[in-house]
$ cat model_32.pdb   # PDB, C-alpha atoms
ATOM      1  CA  MET J 775     121.349 -12.710  56.904
ATOM      2  CA  ASN J 776     120.609  -9.002  57.080
ATOM      3  CA  ALA J 777     118.947  -6.686  59.564
ATOM      4  CA  TYR J 778     117.065  -3.504  58.785
ATOM      5  CA  MET J 779     115.798  -0.694  60.987
ATOM      6  CA  THR J 780     114.260   2.717  60.705
ATOM      7  CA  ASN J 781     112.800   5.371  62.974
ATOM      8  CA  GLY J 782     109.531   7.225  62.607
ATOM      9  CA  THR J 783     106.203   7.934  64.185
ATOM     10  CA  LEU J 784     104.267   5.010  65.578
ATOM     11  CA  ASP J 785     101.219   5.980  63.502
ATOM     12  CA  PHE J 786     103.246   5.707  60.292
ATOM     13  CA  LEU J 787     105.288   2.626  61.218
ATOM     14  CA  LYS J 788     102.372   0.553  62.495
ATOM     15  CA  LYS J 789     101.039   0.396  58.898
ATOM     16  CA  LEU J 790     104.054  -1.692  57.821
ATOM     17  CA  PRO J 791     102.616  -5.111  58.817
ATOM     18  CA  GLU J 792      99.561  -4.410  56.632
ATOM     19  CA  LYS J 793     101.772  -3.621  53.612
ATOM     20  CA  HIS J 794     104.219  -6.465  54.312
ATOM     21  CA  PRO J 795     102.327  -9.238  56.133
ATOM     22  CA  ASP J 796     105.100 -11.781  55.480
ATOM     23  CA  ILE J 797     107.733  -9.810  57.467
ATOM     24  CA  PRO J 798     107.985 -10.244  61.241
ATOM     25  CA  PHE J 799     108.574  -6.694  62.483
ATOM     26  CA  TYR J 800     109.807  -5.764  65.959
ATOM     27  CA  PHE J 801     108.604  -2.429  67.293
ATOM     28  CA  MET J 802     110.579  -0.541  69.938
ATOM     29  CA  LYS J 803     110.017   2.749  71.737
ATOM     30  CA  GLU J 804     112.430   5.199  73.368
ATOM     31  CA  GLY J 805     110.667   8.261  74.723
ATOM     32  CA  THR J 806     108.756   9.705  71.773
ATOM     33  CA  SER J 807     110.816   7.878  69.140
ATOM     34  CA  THR J 808     109.729   4.569  67.603
ATOM     35  CA  LEU J 809     112.094   2.154  65.867
ATOM     36  CA  VAL J 810     111.058  -0.814  63.752
ATOM     37  CA  TYR J 811     113.469  -3.710  63.079
ATOM     38  CA  TYR J 812     113.349  -6.850  60.974
ATOM     39  CA  GLU J 813     115.729  -9.535  59.739
ATOM     40  CA  GLY J 814     115.886 -11.518  56.515
ATOM     41  CA  ASN J 815     117.602 -12.066  53.199
ATOM     42  CA  ARG J 816     115.345  -9.826  51.164
ATOM     43  CA  LYS J 817     115.909  -6.273  49.937
ATOM     44  CA  ASN J 818     115.463  -3.435  52.426
ATOM     45  CA  ILE J 819     111.868  -2.150  52.299
ATOM     46  CA  PHE J 820     112.651   1.094  54.165
ATOM     47  CA  ALA J 821     113.093   4.247  52.061
ATOM     48  CA  SER J 822     115.324   5.877  54.683
ATOM     49  CA  GLY J 823     116.311   2.962  56.878
ATOM     50  CA  ARG J 824     119.621   1.477  57.897
ATOM     51  CA  SER J 825     120.901  -1.878  56.628
ATOM     52  CA  TYR J 826     123.253  -4.269  58.377
ATOM     53  CA  GLU J 827     124.773  -7.684  57.902
ATOM     54  CA  ILE J 828     124.363  -9.929  60.926
ATOM     55  CA  VAL J 829     127.935 -10.957  61.779
ATOM     56  CA  THR J 830     127.072 -13.123  64.764
ATOM     57  CA  GLU J 831     123.874 -13.861  66.660
ATOM     58  CA  ASN J 832     122.527 -15.792  69.586
ATOM     59  CA  GLY J 833     118.961 -16.270  70.778
ATOM     60  CA  ASP J 834     115.632 -15.417  69.212
ATOM     61  CA  LEU J 835     114.214 -11.904  69.276
ATOM     62  CA  GLN J 836     111.012 -11.565  71.261
ATOM     63  CA  THR J 837     108.102  -9.163  70.826
ATOM     64  CA  ASP J 838     108.439  -8.043  74.439
ATOM     65  CA  GLY J 839     111.427  -7.037  76.509
ATOM     66  CA  PHE J 840     114.130  -4.388  76.750
ATOM     67  CA  VAL J 841     116.669  -3.748  73.967
ATOM     68  CA  VAL J 842     120.068  -2.099  74.302
ATOM     69  CA  MET J 843     122.020  -1.017  71.216
ATOM     70  CA  ASN J 844     125.649  -0.078  71.649
ATOM     71  CA  ASN J 845     126.541   1.994  68.563
ATOM     72  CA  ILE J 846     130.273   1.776  67.853
ATOM     73  CA  PRO J 847     131.968   3.728  65.014
ATOM     74  CA  VAL J 848     134.846   1.564  63.727
ATOM     75  CA  ALA J 849     137.528   2.570  61.199
ATOM     76  CA  ASP J 850     137.739   0.464  58.038
ATOM     77  CA  GLU J 851     141.151  -0.914  58.979
ATOM     78  CA  GLY J 852     139.817  -2.039  62.386
ATOM     79  CA  LYS J 853     136.652  -3.822  61.250
ATOM     80  CA  ALA J 854     138.213  -7.297  60.986
ATOM     81  CA  THR J 855     139.809  -6.975  64.442
ATOM     82  CA  PHE J 856     136.596  -5.652  65.971
ATOM     83  CA  GLU J 857     134.492  -8.473  64.516
ATOM     84  CA  ASP J 858     137.037 -11.114  65.495
ATOM     85  CA  LYS J 859     136.914  -9.972  69.131
ATOM     86  CA  PHE J 860     133.164 -10.669  69.161
ATOM     87  CA  LYS J 861     133.522 -13.994  67.382
ATOM     88  CA  GLN J 862     136.159 -15.111  69.909
ATOM     89  CA  ARG J 863     134.404 -13.775  73.000
ATOM     90  CA  GLN J 864     133.227 -15.963  75.798
ATOM     91  CA  GLN J 865     129.485 -16.331  75.803
ATOM     92  CA  ASN J 866     128.982 -14.829  79.288
ATOM     93  CA  VAL J 867     126.022 -12.637  78.410
ATOM     94  CA  GLU J 868     123.961 -15.567  77.126
ATOM     95  CA  SER J 869     124.060 -17.280  80.524
ATOM     96  CA  MET J 870     122.604 -14.291  82.373
ATOM     97  CA  LYS J 871     119.066 -14.402  83.754
ATOM     98  CA  GLY J 872     116.690 -12.556  81.447
ATOM     99  CA  PHE J 873     118.926 -12.719  78.348
ATOM    100  CA  GLN J 874     116.875 -13.155  75.161
ATOM    101  CA  ALA J 875     118.983 -12.324  72.107
ATOM    102  CA  PHE J 876     122.292 -10.920  70.852
ATOM    103  CA  ARG J 877     123.215  -9.497  67.446
ATOM    104  CA  LEU J 878     126.453  -7.979  66.141
ATOM    105  CA  LEU J 879     125.399  -5.856  63.167
ATOM    106  CA  ARG J 880     127.885  -4.652  60.521
ATOM    107  CA  PRO J 881     126.668  -1.552  58.637
ATOM    108  CA  THR J 882     126.316  -1.882  54.869
ATOM    109  CA  ASN J 883     126.865   1.897  54.636
ATOM    110  CA  GLY J 884     128.988   3.876  57.053
ATOM    111  CA  ASN J 885     131.121   2.688  59.921
ATOM    112  CA  THR J 886     128.826   2.404  62.952
ATOM    113  CA  TYR J 887     128.343  -1.152  64.140
ATOM    114  CA  VAL J 888     125.466  -2.024  66.436
ATOM    115  CA  VAL J 889     125.893  -4.471  69.298
ATOM    116  CA  MET J 890     122.312  -5.336  70.197
ATOM    117  CA  THR J 891     121.139  -7.289  73.225
ATOM    118  CA  GLN J 892     117.573  -8.021  74.211
ATOM    119  CA  TRP J 893     116.522  -8.699  77.783
ATOM    120  CA  ALA J 894     113.294  -9.782  79.448
ATOM    121  CA  SER J 895     113.379  -6.546  81.481
ATOM    122  CA  GLU J 896     115.473  -3.462  82.136
ATOM    123  CA  SER J 897     116.354  -4.839  85.568
ATOM    124  CA  ASP J 898     117.790  -7.980  83.910
ATOM    125  CA  TYR J 899     120.008  -5.718  81.810
ATOM    126  CA  ASP J 900     121.031  -3.744  84.915
ATOM    127  CA  ASN J 901     121.935  -7.020  86.641
ATOM    128  CA  TRP J 902     124.156  -7.868  83.650
ATOM    129  CA  LYS J 903     125.836  -4.429  83.801
ATOM    130  CA  ASN J 904     126.591  -4.942  87.507
ATOM    131  CA  SER J 905     127.787  -8.551  87.157
ATOM    132  CA  ASP J 906     131.264 -10.029  87.291
ATOM    133  CA  GLN J 907     130.632 -11.427  83.808
ATOM    134  CA  PHE J 908     130.109  -7.876  82.479
ATOM    135  CA  LYS J 909     133.330  -6.695  84.153
ATOM    136  CA  GLN J 910     135.195  -9.617  82.581
ATOM    137  CA  ALA J 911     133.724  -8.910  79.136
ATOM    138  CA  HIS J 912     134.504  -5.180  79.405
ATOM    139  CA  LYS J 913     137.928  -5.244  81.046
ATOM    140  CA  GLY J 914     139.041  -1.774  82.001
ATOM    141  CA  GLY J 915     135.501  -0.421  82.248
ATOM    142  CA  ALA J 916     134.534   3.145  81.459
ATOM    143  CA  ASP J 917     138.037   4.401  82.290
ATOM    144  CA  ALA J 918     139.710   2.194  79.671
ATOM    145  CA  LYS J 919     141.099   3.920  76.595
ATOM    146  CA  PRO J 920     139.034   2.929  73.533
ATOM    147  CA  PRO J 921     140.858   0.982  70.817
ATOM    148  CA  ALA J 922     142.629   3.109  68.209
ATOM    149  CA  TYR J 923     140.254   1.830  65.520
ATOM    150  CA  PHE J 924     137.227   3.449  67.197
ATOM    151  CA  LEU J 925     136.439   6.549  65.118
ATOM    152  CA  ASP J 926     134.420   8.205  67.849
ATOM    153  CA  GLN J 927     132.994   7.549  71.291
ATOM    154  CA  PRO J 928     130.435   4.704  71.249
ATOM    155  CA  PHE J 929     126.928   5.617  72.354
ATOM    156  CA  VAL J 930     124.088   3.536  73.744
ATOM    157  CA  THR J 931     120.402   3.652  72.883
ATOM    158  CA  SER J 932     117.793   1.599  74.700
ATOM    159  CA  TYR J 933     114.230   0.699  73.842
ATOM    160  CA  TYR J 934     111.184  -1.030  75.263
ATOM    161  CA  MET J 935     109.550  -3.491  72.919
ATOM    162  CA  ILE J 936     105.955  -2.583  72.134
ATOM    163  CA  GLU J 937     103.098  -4.561  70.648
ATOM    164  CA  VAL J 938     101.364  -3.017  67.657
ATOM    165  CA  ASP J 939      97.791  -4.026  66.929
TER     166      ASP J 939
END
$ encode --input "model_32.pdb" --output "C-alpha cells"
Amino acid sequence: MNAYMTNGTLDFLKKLPEKHPDIPFYFMKEGTSTLVYYEGNRKNIFASGRSYEIVTENGDLQTDGFVVMNNIPVADEGKATFEDKFKQRQQNVESMKGFQAFRLLRPTNGNTYVVMTQWASESDYDNWKNSDQFKQAHKGGADAKPPAYFLDQPFVTSYYMIEVD
C-alpha cells in the first residue's frame, strides 16, 4: 500500500474531497501550514506531493488527534538495515495510552523516510517521550551518535488533525 501527502493552503486543500469523494483524506495543521494525507493503491493525485510505500503499519488513522512525523534521511546502502530495525522492533509504542496509529513510510523518490505516529493528544505523545518504553526504543537518547547510514540529522514535524467541512 502507498501513502501520499502534500502541503498547501487550507482553502485550496479542502476542495480535494469534492474532487475525489472516494478517497479518505486526513487533514493536519502545523501553525499556518496545512498537510493532507491519504493511503491507497491508486496513483498519486497530487501534482506536487510526496509518495511513499508503507513498509510497516499498526493501528487505524483517526480524523482527530496529534501526529508526529520523524523525517529521517537514509543512505541507499542503509535502507535495508533501517527498515529491518523497525520490522524487528518491540511493539512498545502501541501499548501506550493514547496511541492510535504507526506508519513507517519509504520514499518513492529521495531518501527521507517518515516515521509517523498518531496520538489521541499531544500530552499522550509527551507521556510516550518521557516513558521507559521510549528510552528502551531509543537507546542512547539525543546524545547517541546517529548510524553511519543517516545522510543528515533527522527532523521532527508535528501536526494537529483538523476536520474539514
$ closest_residue --input "model_32.pdb" --among "J:Leu784, J:Val829, J:Leu835, J:Met935" --to "Pro881 of chain J" --atoms "all atoms listed in the file"
J:Val829
$ closest_residue --input "model_32.pdb" --among "J:Glu857, J:Glu851, J:Asp785, J:Asp834" --to "Ala875 of chain J" --atoms "all atoms listed in the file"
J:Asp834
$ closest_residue --input "model_32.pdb" --among "J:Leu787, J:Met779, J:Val888, J:Ile828" --to "Tyr812 of chain J" --atoms "only C-alpha atoms"
J:Met779
$ resolve_selection --input "model_32.pdb" --expression "the PyMOL selection byres ((chain J and resi 887) around 10)" --output "CSV table (one decimal) with C-alpha atoms, keeping the file's coordinate frame"
chain,number,residue,atom,x,y,z
J,826,TYR,CA,123.3,-4.3,58.4
J,827,GLU,CA,124.8,-7.7,57.9
J,843,MET,CA,122.0,-1.0,71.2
J,844,ASN,CA,125.6,-0.1,71.6
J,845,ASN,CA,126.5,2.0,68.6
J,846,ILE,CA,130.3,1.8,67.9
J,847,PRO,CA,132.0,3.7,65.0
J,848,VAL,CA,134.8,1.6,63.7
J,853,LYS,CA,136.7,-3.8,61.2
J,856,PHE,CA,136.6,-5.7,66.0
J,857,GLU,CA,134.5,-8.5,64.5
J,878,LEU,CA,126.5,-8.0,66.1
J,879,LEU,CA,125.4,-5.9,63.2
J,880,ARG,CA,127.9,-4.7,60.5
J,881,PRO,CA,126.7,-1.6,58.6
J,882,THR,CA,126.3,-1.9,54.9
J,884,GLY,CA,129.0,3.9,57.1
J,885,ASN,CA,131.1,2.7,59.9
J,886,THR,CA,128.8,2.4,63.0
J,888,VAL,CA,125.5,-2.0,66.4
J,889,VAL,CA,125.9,-4.5,69.3
J,890,MET,CA,122.3,-5.3,70.2
J,928,PRO,CA,130.4,4.7,71.2
$ closest_residue --input "model_32.pdb" --among "J:Ser825, J:Asn776, J:Thr808, J:Gln907" --to "Ile936 of chain J" --atoms "only C-alpha atoms"
J:Thr808
$ atom_distance --input "model_32.pdb" --atom1 "atom CA of Asn781 of chain J" --atom2 "atom CA of Arg824 of chain J"
9.4 Å
$ atom_distance --input "model_32.pdb" --atom1 "atom CA of Lys871 of chain J" --atom2 "atom CA of Gln910 of chain J"
16.9 Å
$ atom_distance --input "model_32.pdb" --atom1 "atom CA of Thr891 of chain J" --atom2 "atom CA of Phe876 of chain J"
4.5 Å
$ closest_atom_pairs --input "model_32.pdb" --of "segment 809-888 of chain J" --to "segment 794-801 of chain J" --cutoff "10 Å" --atoms "all atoms listed in the file" --output "CSV"
residue,atom,partner,partner_atom,distance
J:Leu809,CA,J:Phe801,CA,5.9
J:Val810,CA,J:Phe801,CA,4.6
J:Tyr811,CA,J:Tyr800,CA,5.1
J:Tyr812,CA,J:Phe799,CA,5.0
J:Glu813,CA,J:Pro798,CA,7.9
J:Gly814,CA,J:Ile797,CA,8.4
J:Arg816,CA,J:Ile797,CA,9.9
J:Ile819,CA,J:His794,CA,9.0
J:Leu835,CA,J:Tyr800,CA,8.3
J:Gln836,CA,J:Tyr800,CA,8.0
J:Thr837,CA,J:Tyr800,CA,6.2
J:Asp838,CA,J:Tyr800,CA,8.9
$ axis_aligned_box --input "model_32.pdb" --around "segment 786-796 of chain J" --padding-each-side "4 Å" --output "AutoDock Vina command-line options"
--center_x 102.4 --center_y -3.0 --center_z 58.1 --size_x 13.7 --size_y 25.5 --size_z 16.9
$ closest_residue --input "model_32.pdb" --among "J:Gln927, J:Asp939, J:Glu896, J:Asn866" --to "Ala911 of chain J" --atoms "only C-alpha atoms"
J:Asn866
$ resolve_selection --input "model_32.pdb" --expression "the PyMOL selection byres ((chain J and resi 803) around 6)" --output "list in words"
Met802, Glu804, Ser807, Thr808, Tyr933 and Tyr934 of chain J
$ build_atoms --input "model_32.pdb" --residues "segment 841-864 of chain J" --atoms "N, CA and C atoms" --output "tab-separated table (two decimals), keeping the file's coordinate frame"
chain	number	residue	atom	x	y	z
J	841	VAL	N	115.59	-3.64	74.94
J	841	VAL	CA	116.67	-3.75	73.97
J	841	VAL	C	117.70	-2.65	74.21
J	842	VAL	N	118.97	-3.05	74.18
J	842	VAL	CA	120.07	-2.10	74.30
J	842	VAL	C	120.92	-2.21	73.04
J	843	MET	N	121.18	-1.06	72.41
J	843	MET	CA	122.02	-1.02	71.22
J	843	MET	C	123.23	-0.15	71.50
J	844	ASN	N	124.39	-0.79	71.49
J	844	ASN	CA	125.65	-0.08	71.65
J	844	ASN	C	126.14	0.24	70.24
J	845	ASN	N	126.17	1.52	69.89
J	845	ASN	CA	126.54	1.99	68.56
J	845	ASN	C	128.02	2.36	68.58
J	846	ILE	N	128.82	1.64	67.78
J	846	ILE	CA	130.27	1.78	67.85
J	846	ILE	C	130.85	2.11	66.48
J	847	PRO	N	131.33	3.35	66.28
J	847	PRO	CA	131.97	3.73	65.01
J	847	PRO	C	133.37	3.11	64.91
J	848	VAL	N	133.59	2.29	63.88
J	848	VAL	CA	134.85	1.56	63.73
J	848	VAL	C	135.49	1.93	62.39
J	849	ALA	N	136.79	2.24	62.42
J	849	ALA	CA	137.53	2.57	61.20
J	849	ALA	C	137.61	1.34	60.30
J	850	ASP	N	137.69	1.57	59.00
J	850	ASP	CA	137.74	0.46	58.04
J	850	ASP	C	138.85	-0.53	58.37
J	851	GLU	N	140.02	-0.02	58.71
J	851	GLU	CA	141.15	-0.91	58.98
J	851	GLU	C	140.99	-1.70	60.28
J	852	GLY	N	140.03	-1.33	61.12
J	852	GLY	CA	139.82	-2.04	62.39
J	852	GLY	C	138.63	-2.98	62.38
J	853	LYS	N	137.88	-3.02	61.28
J	853	LYS	CA	136.65	-3.82	61.25
J	853	LYS	C	136.92	-5.31	61.48
J	854	ALA	N	137.92	-5.87	60.83
J	854	ALA	CA	138.21	-7.30	60.99
J	854	ALA	C	138.60	-7.62	62.43
J	855	THR	N	139.41	-6.77	63.05
J	855	THR	CA	139.81	-6.98	64.44
J	855	THR	C	138.61	-6.87	65.37
J	856	PHE	N	137.79	-5.86	65.15
J	856	PHE	CA	136.60	-5.65	65.97
J	856	PHE	C	135.67	-6.87	65.90
J	857	GLU	N	135.38	-7.33	64.69
J	857	GLU	CA	134.49	-8.47	64.52
J	857	GLU	C	135.08	-9.74	65.12
J	858	ASP	N	136.39	-9.92	64.96
J	858	ASP	CA	137.04	-11.11	65.50
J	858	ASP	C	136.94	-11.16	67.02
J	859	LYS	N	137.04	-10.00	67.67
J	859	LYS	CA	136.91	-9.97	69.13
J	859	LYS	C	135.55	-10.50	69.56
J	860	PHE	N	134.50	-10.17	68.82
J	860	PHE	CA	133.16	-10.67	69.16
J	860	PHE	C	133.01	-12.15	68.84
J	861	LYS	N	133.62	-12.58	67.74
J	861	LYS	CA	133.52	-13.99	67.38
J	861	LYS	C	134.27	-14.88	68.38
J	862	GLN	N	135.34	-14.34	68.97
J	862	GLN	CA	136.16	-15.11	69.91
J	862	GLN	C	135.73	-14.96	71.37
J	863	ARG	N	134.78	-14.09	71.62
J	863	ARG	CA	134.40	-13.78	73.00
J	863	ARG	C	133.78	-14.98	73.70
J	864	GLN	N	133.92	-14.96	75.00
J	864	GLN	CA	133.23	-15.96	75.80
J	864	GLN	C	131.76	-15.58	75.84
